[in-house]
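Take a look at the structure below.
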Protein chains: 2
Amino acid sequence: MSGHTTLGPGGEFDRIRRILSSLGANARGIGDDAALVDIPVGHKLVASTDSSVEGVHFRRDWMTFEEIGYRATAAALSDIAAMGAAPLGVLLAIALPESDLDSLDSLVRGCGEAAKVSGTAVIGGDLSGSPTLTIGVTVLGSAVRPISRNGAAAGDRIYMTGKLGGSGLGLAAMQRGEAPPAGAREKFVRPIPRIPEAAWLADRGATACIDISDGIVGDLGHIALASGVNLLVDIERIPLFPGAASDTALSSGEEYELCVTAPQDLDVEGFRSAFSLQLTLIGYVESSTSPGVIFRKSGAQVRASGSFTHFTK
Amino acid sequence: MSGHTTLGPGGEFDRIRRILSSLGANARGIGDDAALVDIPVGHKLVASTDSSVEGVHFRRDWMTFEEIGYRATAAALSDIAAMGAAPLGVLLAIALPESDLDSLDSLVRGCGEAAKVSGTAVIGGDLSGSPTLTIGVTVLGSAVRPISRNGAAAGDRIYMTGKLGGSGLGLAAMQRGEAPPAGAREKFVRPIPRIPEAAWLADRGATACIDISDGIVGDLGHIALASGVNLLVDIERIPLFPGAASDTALSSGEEYELCVTAPQDLDVEGFRSAFSLQLTLIGYVESSTSPGVIFRKSGAQVRASGSFTHFTK
C-alpha cells in the first residue's frame, strides 16, 4: 500500500498509451476518461470481459510476456467470435508488480497483436500496481443478429471448427516440464479467435454457437441447457489434434475452436477452402425434457458431465 | 496452478449470475459468451475499464466486501460521468482467492448497488481464481456528444462539483488506524459517480470535463495538455471538505467530483437546487504556448505539477 493511488485511465494510462502509439495502427482514440466507439446502425453492441491471472491461467516460465498478452487478448476476442460478432475495440486493464514494468511494452505489444489479428485495435485501458500479474481484457463488438446459446433446435446438426486437443496437449507437456509436440505449444500460446469463421457460420443460419474455452463437454452443456435440448455427439467424429487422445481432447479447454448448431447441412468444403480450416459434423440435436449432452462411442451412449471450474463449491 | 483453467464468462460465471439474479433488477441479460446492449440511435458508445486491487486500491480491514465492490464499481462509473455519458451496463471481472469465495455474494452485491445508484445494472462478467483480490470493472455508456478533455478554450470558466479533500481525509485517518471524521469515511468508501450532474453540465455547454481520480492538480493537467491551454485556478476558491487542509485537498485522489470548463457563467444556484450539491467557479482558462495548470494563492502564482502515479519510472 504505497499511500494514495489512482483509478481510471488517467495519468497512469499514459504509459500504455505511449506503448500503443509505438504500435501505430493498433492503437487509436486513446487519451480520455473513456474510449469512444461508433456502433453501426442496426447493430447490437456485444461486450465481453475476461481475466488472465498469473499462476492460474498462465505461467511466465511457459511464455514470453508478448505471448501472455497475446493469449489473454485472443481468449477475450474468442467470446466475441462465439456471438458471431465483429470486434470494434479492446480495453486492457493491466495490473502488475513494479518489477515487471520493464516487460510492460512486450505485454501490451502482444495484446495489440492479437487485436490486429482479429482486425481490431486496443482503444483504451488502465494500468495499476498489483502483487499478481493480471490482464483484464474487455472486447467490444457488434452484430446485426448475434448468435446466442439458446437457439439450438431439435433436428439441428452440430459442427465444430478445427481439431480438438492441441491446447491440452501443449499444456500437459509444459506442466510436465517437457517441450510440447510440434504445433501444440503454438495452439496453447497463440490461439486464433475464429472471428471470420463465426461470421460465415452466422450468415449460413447457425442457431447457437459457443467457443471451446472450458472443454467441449461443459461448453456444449451450456448450449444444451440454454436451448433446452439434448446434444448427441459422436466422439469418433471429433477431429483430434495429432497426438491427442480422445479423453484429453474432450476435457481440453482454451481450444477456442467453435461449436455451432445449424438447421441444415453446411458446406464444409466451402468453409475449408475459405479458411483453410476444417469444419466437421460431430452430432445432432434432439428435443429433450431433461437437457444435456450425450456422447456416443462405438454405439454406446455415455452421458458426459462437468467441465473444469475454478472453484468446486 | 490447479491444472486446467477456464477463461471467459462461461461456466465459472454461473455463480456471479446466480448472485446477480438474487439482486433482481440489478442483473439482466446475463447468460451468454458476451453481453448484448442496444445503443440509442445517434449516440456514441463510451467505454471505460478500471481495476481495484487489494493492497493497492483498498485494504480489507478498512471496508466490508460490499463496500469494496461498491467503491470499485463507482470509480469506474465516474469515468463515464466524466464523459457526460449515461451508463448502459457494467461488466465485472472478479479474480479472488478461493478463501474469499464466501464473500463473493457481498462483493457482487456492492457492485450491483453502485450500478443501481447510477441507474444501470451489471450485465456480464467473469470470475477467476487469483492470489490477489482484484475487481475489474468495465462500464459501457453512451452520449450524443461526449465531453472530452480537449475542448477547453481561452476565456472558459473552470468549475468543480462538491467539496475537495473528504476522501483524502478518510484515507489518511484509516492509514493512521484512526476512525475518520464524520462523513470522510463515507466519501472514501461510498463515492457517488456524478452521472446526472455531468449530463446537466453537458447540456449547458461544458467544453471539457474530468473526474478527480488522481488529484485535482494532475487531473486538471490532463485537460490543460489535451486542450493546449493554461488553467488558472484560485486555490482559495476550491471548496474544502470540513477539516481538510488545502494541501491535502489538492493532492487527494479518488474524490470523484467533476471539474468542467464552460464558455459562459453556469447557473450555480440551479445546479445546487437540482442536485443538493454545490457547483463552484474555481478559475479560468487562458491561451498558452506551454500548457499547464497554474494555481494562485493570495495573489501569488504557484505552478503546481505532478499527481500520484503507481510507478515512478
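Residues are referred to by chain and number: the chain letter is A, B, ... according to the order shown in the C-alpha cells, the number counts from 1 in that chain, and ligands are numbered separately from 1 in the order shown.
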task: From a DSSP calculation on the backbone, collect every residue of segment 64-263 of chain A in helix (DSSP H, G or I) and output the set as a ChimeraX atom specification.
output: /A:65-81,98-117,166-175,184-189,195-203,216-227,235-237,246-251
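The residue set within 6 Å of segment 217-231 of chain A, counting only C-alpha atoms and dropping same-chain residues fewer than 5 places from it, reads A:Arg149, A:Asn150, A:Gly151, A:Ala152, A:Val285, A:Glu286, A:Ser287, A:Ser288, A:Pro291, A:Gly292, A:Val293, A:Gly306, A:Ser307.
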Just to be explicit: take each residue in the selection above, keep C-alpha atoms, and write the result as a PDB file, in the first residue's frame.
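Once written, part12.pdb looks like this:
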ATOM      1  CA  ARG A 149     -26.538 -20.177 -26.873  1.00  0.00           C
ATOM      2  CA  ASN A 150     -30.267 -20.689 -26.760  1.00  0.00           C
ATOM      3  CA  GLY A 151     -31.176 -21.151 -30.415  1.00  0.00           C
ATOM      4  CA  ALA A 152     -30.385 -24.846 -30.928  1.00  0.00           C
ATOM      5  CA  VAL A 285     -29.765 -32.010 -31.673  1.00  0.00           C
ATOM      6  CA  GLU A 286     -32.751 -33.804 -30.152  1.00  0.00           C
ATOM      7  CA  SER A 287     -35.683 -32.492 -28.204  1.00  0.00           C
ATOM      8  CA  SER A 288     -35.492 -33.273 -24.505  1.00  0.00           C
ATOM      9  CA  PRO A 291     -31.453 -31.150 -21.444  1.00  0.00           C
ATOM     10  CA  GLY A 292     -27.868 -32.319 -21.597  1.00  0.00           C
ATOM     11  CA  VAL A 293     -25.067 -33.608 -23.760  1.00  0.00           C
ATOM     12  CA  GLY A 306     -18.779 -31.436 -15.811  1.00  0.00           C
ATOM     13  CA  SER A 307     -16.026 -29.229 -17.055  1.00  0.00           C
TER      14      SER A 307
END
- prompt: Running DSSP on the backbone, which parts of segment 92-235 of chain A land in strand (DSSP E or B), as JSON, numbers by chain?
  reply: {"A": [92, 93, 94, 95, 96, 122, 123, 124, 125, 126, 127, 128, 129, 134, 135, 136, 137, 138, 139, 140, 141, 142, 143, 157, 158, 159, 160, 161, 164, 208, 209, 210, 211, 229, 230, 231, 232, 233, 234]}
- request: Determine, counting only C-alpha atoms, which protein, DNA and RNA residues have an atom within 12 Å of an atom of Leu96 of chain A; residues of the same chain fewer than 4 positions away are not included. Present the result as a PyMOL selection string.
  value: (chain A and resi 52-54+65+100-104+107+126-136) or (chain B and resi 51+53+56+132+134+310-311)
- line: Computed gap from atom CA of Trp62 of chain A to atom CA of Ser251 of chain A is 20.8 Å
query: Which is closer to Gly42 of chain B than all the others in B:Leu164, B:Val233, B:Val144, B:Leu88, using only C-alpha atoms?
result: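 Nearest to Gly42 of chain B: B:Val144.
Minimum atom-to-atom distance to chain A, evaluated using only C-alpha atoms, belongs to B:Met174 out of B:Ala206, B:Met160, B:Met174, B:Val117.
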message: Give me, as a ChimeraX atom specification, all polymer residues having an atom no more than 10 Å from Asp247 of chain B, counting only C-alpha atoms and skipping those fewer than 4 positions away in the same chain.
response: /B:165,235,251-252
Can you spit out the residues from that selection as a compact mmCIF listing (two decimals), in the first residue's frame, using C-alpha atoms?
# COMPACT_ATOMS: atom_id res chain seq x y z
CA GLY B 165 -10.44 16.55 0.41
CA ILE B 235 -6.80 27.83 -4.53
CA SER B 251 -3.35 16.06 -3.67
CA SER B 252 -6.42 14.00 -2.75
Mind dumping a table of every segment 188-277 of chain A residue within 7 Å of segment 68-75 of chain A, with the nearest atom pair and its distance in Å to one decimal, using only C-alpha atoms, sorted by chain and rising number, as CSV?
residue,atom,partner,partner_atom,distance
A:Val189,CA,A:Arg71,CA,6.0
A:Arg190,CA,A:Arg71,CA,5.8
A:Pro191,CA,A:Ala74,CA,6.5
A:Ile192,CA,A:Ala74,CA,6.6
A:Pro193,CA,A:Ala74,CA,5.8
